[in-house]
Amino acid sequence: MLTLYFSGTGNSKWIAGRFAQAMQSSCHSIEENLDYPALLAAHDTIAVVYPIYGSRVPLIMRQFAQRHSEHFAGKKLVILVTQLCFSGDGARAFVDLFPPKHMQPVYAAHFYMPNNVSNFALLQQTSAKSIAGRKRMAEKKIAAIAADLQAERVKLRGFSRFAQALGKIQGNKWPAMEAKAMHSVHVDEDCTGCGVCAKICPMKNLTMQERMPVQHDRCTVCLRCVNACPTRAITVWFRQKPKWQYGGLSGE
């Protein structure tokens with residue numbers, strides 16, 4: 001098994017790492033500079049891990065899937081997704097990126113994880129107690145998934161008609177929301193020109209020009225820059241200045 005993941009601020013990375021350890025699987029971020037055609041060809045089962053945005057697959061993961069579509073053909077597929085509340089068919093949405101019956105989904109699961117949206121007042125910071133609880137629940141679920149996979153039990157969360165209906169409610173709105181968000185990066189007067197945001201952006205959406213980050217309209221809305229800026233000077237989508245920042249999960 002090969003585990004591939006995208007993680008904006010650490011939640012999906014943590015799930016991918018724990019799952020890969022449980023399954024004795026190799027584990028790589030899709031941001032790594034690797035020979036992915038060879039990696040995919042060398043494994044019969046591919047596990048993908050990613051966060052859900054608007055009940056849909058993040059732009060960066062969609063682009064990765066499209067680039068390597070032919071190399072996913074005929075593979076068994078495990079889909080693990082991280083979410084804040086609910087996403088309906090967030091895991092099943094990955095299958096929509098490929099032709100019908102392109103792969104064989106053998107497992108799909110959703111994980112409730114801590115909030116990383118730090119610049120929207122209605123979404124509050126997850127408490128340390130809640131984070132610890134969600135990690136414990138996630139570890140139990142991963143152990144159960146590993147046991148199911150070893151016993152060849154197929155479970156596909158998000159593939160039912162009800163789940164698809166829930167996903168459609170959010171997912172139909174996401175393309176327009178994502179298009180707006182792609183060029184929504186805003187930098188305020190507290191920016192010191194340190195360049196951290198440009199260095200960590202997974203889409204290379206930000207470059208430094210005259211010691212200021214300039215966007216190139218390809219943001220994947222991962223919020224990595226928002227949560228890592230030393231002066232909290234950068235926001236995405238929402239213009240509210242973060243009062244707190246999400247630092248990911250310890251032990252990644």
# chains A, B, ... in the order shown; residues from 1 in each chain; ligands from 1

call {"tool": "select_by_dssp", "arguments": {"residues": "stretch 65-114 of chain A", "states": "alpha helix (DSSP H)", "output": "PDB file with C-alpha atoms, in the first residue's frame"}}
result
ATOM      1  CA  ALA A  65      -5.202  13.331  -9.496  1.00  0.00           C
ATOM      2  CA  GLN A  66      -5.634  14.726 -12.985  1.00  0.00           C
ATOM      3  CA  ARG A  67      -1.889  14.674 -13.705  1.00  0.00           C
ATOM      4  CA  SER A  69      -5.019   9.743 -13.686  1.00  0.00           C
ATOM      5  CA  GLU A  70      -3.628   6.964 -15.890  1.00  0.00           C
ATOM      6  CA  HIS A  71      -1.446   5.713 -13.051  1.00  0.00           C
ATOM      7  CA  PHE A  72      -4.459   5.332 -10.719  1.00  0.00           C
TER       8      PHE A  72
END

call {"tool": "residues_around", "arguments": {"residues": "A:Ala163", "least_positions_apart": "2", "cutoff": "12 Å", "atoms": "only C-alpha atoms", "output": "list in words"}}
result
Ser55, Phe86, Ser87, Gly88, Asp89, Gly90, Ala91, Arg92, Ala93, His110, Leu156, Arg157, Gly158, Phe159, Ser160, Arg161, Ala165, Leu166, Gly167, Lys168, Ile169, Gln170 and Gly171 of chain A

call {"tool": "residues_around", "arguments": {"residues": "A:Cys225", "least_positions_apart": "3", "cutoff": "12 Å", "atoms": "only C-alpha atoms", "output": "count of residues only"}}
result
40

call {"tool": "residues_around", "arguments": {"residues": "A:Ala20", "least_positions_apart": "2", "cutoff": "10 Å", "atoms": "only C-alpha atoms", "output": "VMD selection string"}}
result
chain A and resid 1 to 4 14 to 18 22 to 28 47 142 146

call {"tool": "write_last_selection", "arguments": {"atoms": "C-alpha atoms", "output": "compact mmCIF listing (two decimals), in the first residue's frame"}}
result
# COMPACT_ATOMS: atom_id res chain seq x y z
CA MET A 1 0.00 0.00 0.00
CA LEU A 2 1.06 3.56 -0.77
CA THR A 3 -0.32 6.48 1.25
CA LEU A 4 -0.39 9.90 -0.42
CA TRP A 14 -1.31 13.44 11.13
CA ILE A 15 -4.04 11.06 9.92
CA ALA A 16 -1.90 9.90 7.00
CA GLY A 17 1.08 9.23 9.24
CA ARG A 18 -0.91 7.27 11.82
CA ALA A 22 -0.90 1.05 11.25
CA MET A 23 -0.80 -0.44 7.73
CA GLN A 24 3.02 -0.49 7.42
CA SER A 25 2.58 1.64 4.32
CA SER A 26 4.99 4.08 2.75
CA CYS A 27 3.68 7.63 3.18
CA HIS A 28 4.36 10.76 1.12
CA ALA A 47 -4.59 5.45 0.10
CA ILE A 142 -7.62 4.15 12.34
CA ALA A 146 -6.70 -1.25 9.65

call {"tool": "select_by_dssp", "arguments": {"residues": "stretch 12-245 of chain A", "states": "strand (DSSP E or B)", "output": "mmCIF file with C-alpha atoms, in the first residue's frame"}}
result
data_model
loop_
_atom_site.group_PDB
_atom_site.id
_atom_site.type_symbol
_atom_site.label_atom_id
_atom_site.label_comp_id
_atom_site.auth_asym_id
_atom_site.auth_seq_id
_atom_site.Cartn_x
_atom_site.Cartn_y
_atom_site.Cartn_z
ATOM 1 C CA SER A 26 4.987 4.084 2.750
ATOM 2 C CA CYS A 27 3.684 7.631 3.183
ATOM 3 C CA HIS A 28 4.365 10.764 1.119
ATOM 4 C CA SER A 29 3.013 14.269 0.723
ATOM 5 C CA THR A 45 -3.539 -0.243 -3.231
ATOM 6 C CA ILE A 46 -3.383 3.554 -2.966
ATOM 7 C CA ALA A 47 -4.594 5.447 0.103
ATOM 8 C CA VAL A 48 -5.295 9.140 -0.362
ATOM 9 C CA VAL A 49 -5.744 11.531 2.549
ATOM 10 C CA TYR A 50 -6.908 15.130 2.197
ATOM 11 C CA PRO A 51 -9.014 17.832 3.901
ATOM 12 C CA TYR A 53 -13.318 22.075 1.416
ATOM 13 C CA ARG A 56 -15.120 18.761 -2.286
ATOM 14 C CA LYS A 76 -7.655 -0.453 -5.135
ATOM 15 C CA LEU A 77 -8.420 2.830 -3.417
ATOM 16 C CA VAL A 78 -8.650 3.864 0.251
ATOM 17 C CA ILE A 79 -9.945 7.396 0.844
ATOM 18 C CA LEU A 80 -9.533 9.116 4.215
ATOM 19 C CA VAL A 81 -10.676 12.706 4.609
ATOM 20 C CA THR A 82 -10.523 15.259 7.405
ATOM 21 C CA GLN A 83 -13.384 17.642 8.107
ATOM 22 C CA GLN A 104 -11.898 0.015 -7.089
ATOM 23 C CA PRO A 105 -12.758 1.892 -3.867
ATOM 24 C CA VAL A 106 -12.341 -0.525 -0.961
ATOM 25 C CA TYR A 107 -12.620 1.875 1.978
ATOM 26 C CA ALA A 108 -13.685 5.446 2.680
ATOM 27 C CA ALA A 109 -13.832 7.242 6.031
ATOM 28 C CA HIS A 110 -14.257 10.744 7.431
ATOM 29 C CA PHE A 111 -12.421 12.147 10.465
ATOM 30 C CA TYR A 112 -13.602 15.055 12.619
ATOM 31 C CA LYS A 155 -16.841 0.121 3.982
ATOM 32 C CA LEU A 156 -17.541 3.226 1.935
ATOM 33 C CA HIS A 186 -4.926 39.980 1.620
ATOM 34 C CA VAL A 187 -1.843 41.374 3.366
ATOM 35 C CA LEU A 206 2.750 33.843 -3.404
ATOM 36 C CA THR A 207 6.037 35.387 -4.458
ATOM 37 C CA MET A 208 7.977 38.173 -2.786
ATOM 38 C CA GLN A 209 8.230 41.436 -4.704
ATOM 39 C CA MET A 212 5.836 42.092 -0.037
ATOM 40 C CA PRO A 213 3.942 38.887 -0.916
ATOM 41 C CA VAL A 214 2.137 39.085 -4.244
ATOM 42 C CA GLN A 215 -0.566 36.560 -5.172
ATOM 43 C CA ILE A 234 -2.162 37.714 5.997
ATOM 44 C CA THR A 235 -5.701 36.492 5.488
#

call {"tool": "atom_distance", "arguments": {"atom1": "atom CA of A:Val226", "atom2": "atom CA of A:Phe120"}}
result
11.3 Å

call {"tool": "residues_around", "arguments": {"residues": "A:Ala128", "least_positions_apart": "3", "cutoff": "12 Å", "atoms": "only C-alpha atoms", "output": "PyMOL selection string"}}
result
chain A and resi 114-115+125+131-135+246-250

call {"tool": "write_last_selection", "arguments": {"atoms": "N, CA, C and O atoms", "output": "JSON list (two decimals), in the first residue's frame"}}
result
[["chain", "number", "residue", "atom", "x", "y", "z"],
["A", 114, "PRO", "N", -9.68, 19.17, 14.54],
["A", 114, "PRO", "CA", -9.73, 20.53, 15.09],
["A", 114, "PRO", "C", -9.89, 21.59, 13.99],
["A", 114, "PRO", "O", -9.47, 21.40, 12.85],
["A", 115, "ASN", "N", -10.46, 22.72, 14.37],
["A", 115, "ASN", "CA", -10.67, 23.84, 13.46],
["A", 115, "ASN", "C", -9.36, 24.57, 13.16],
["A", 115, "ASN", "O", -8.60, 24.89, 14.06],
["A", 125, "GLN", "N", -11.58, 28.72, 18.18],
["A", 125, "GLN", "CA", -10.42, 27.85, 18.37],
["A", 125, "GLN", "C", -10.83, 26.60, 19.14],
["A", 125, "GLN", "O", -11.53, 26.68, 20.15],
["A", 131, "ILE", "N", -9.16, 18.84, 21.30],
["A", 131, "ILE", "CA", -8.14, 18.33, 20.38],
["A", 131, "ILE", "C", -7.68, 16.95, 20.83],
["A", 131, "ILE", "O", -7.57, 16.02, 20.02],
["A", 132, "ALA", "N", -7.41, 16.81, 22.12],
["A", 132, "ALA", "CA", -6.97, 15.52, 22.65],
["A", 132, "ALA", "C", -8.04, 14.45, 22.42],
["A", 132, "ALA", "O", -7.74, 13.31, 22.05],
["A", 133, "GLY", "N", -9.30, 14.83, 22.62],
["A", 133, "GLY", "CA", -10.39, 13.88, 22.42],
["A", 133, "GLY", "C", -10.53, 13.46, 20.96],
["A", 133, "GLY", "O", -10.75, 12.29, 20.66],
["A", 134, "ARG", "N", -10.40, 14.41, 20.06],
["A", 134, "ARG", "CA", -10.50, 14.08, 18.64],
["A", 134, "ARG", "C", -9.35, 13.19, 18.17],
["A", 134, "ARG", "O", -9.52, 12.32, 17.32],
["A", 135, "LYS", "N", -8.18, 13.42, 18.75],
["A", 135, "LYS", "CA", -7.04, 12.57, 18.41],
["A", 135, "LYS", "C", -7.28, 11.13, 18.88],
["A", 135, "LYS", "O", -6.98, 10.17, 18.16],
["A", 246, "TYR", "N", -3.73, 28.28, 14.28],
["A", 246, "TYR", "CA", -3.71, 26.83, 14.48],
["A", 246, "TYR", "C", -2.33, 26.30, 14.15],
["A", 246, "TYR", "O", -1.81, 26.52, 13.05],
["A", 247, "GLY", "N", -1.75, 25.58, 15.09],
["A", 247, "GLY", "CA", -0.38, 25.09, 14.90],
["A", 247, "GLY", "C", -0.28, 23.64, 14.52],
["A", 247, "GLY", "O", 0.80, 23.06, 14.54],
["A", 248, "GLY", "N", -1.40, 23.01, 14.17],
["A", 248, "GLY", "CA", -1.35, 21.60, 13.79],
["A", 248, "GLY", "C", -1.38, 20.72, 15.02],
["A", 248, "GLY", "O", -1.53, 21.16, 16.15],
["A", 249, "LEU", "N", -1.21, 19.41, 14.77],
["A", 249, "LEU", "CA", -1.23, 18.42, 15.85],
["A", 249, "LEU", "C", 0.18, 18.03, 16.21],
["A", 249, "LEU", "O", 1.03, 17.83, 15.34],
["A", 250, "SER", "N", 0.44, 17.91, 17.51],
["A", 250, "SER", "CA", 1.77, 17.52, 17.97],
["A", 250, "SER", "C", 2.03, 16.07, 17.60],
["A", 250, "SER", "O", 1.12, 15.27, 17.44]]

call {"tool": "closest_residue", "arguments": {"among": "A:Leu84, A:Lys101, A:Tyr5, A:Ala42", "to": "A:Met61", "atoms": "only C-alpha atoms"}}
result
A:Tyr5

call {"tool": "closest_residue", "arguments": {"among": "A:Pro175, A:Ala181, A:Trp244, A:Gly193", "to": "A:Gln124", "atoms": "only C-alpha atoms"}}
result
A:Trp244
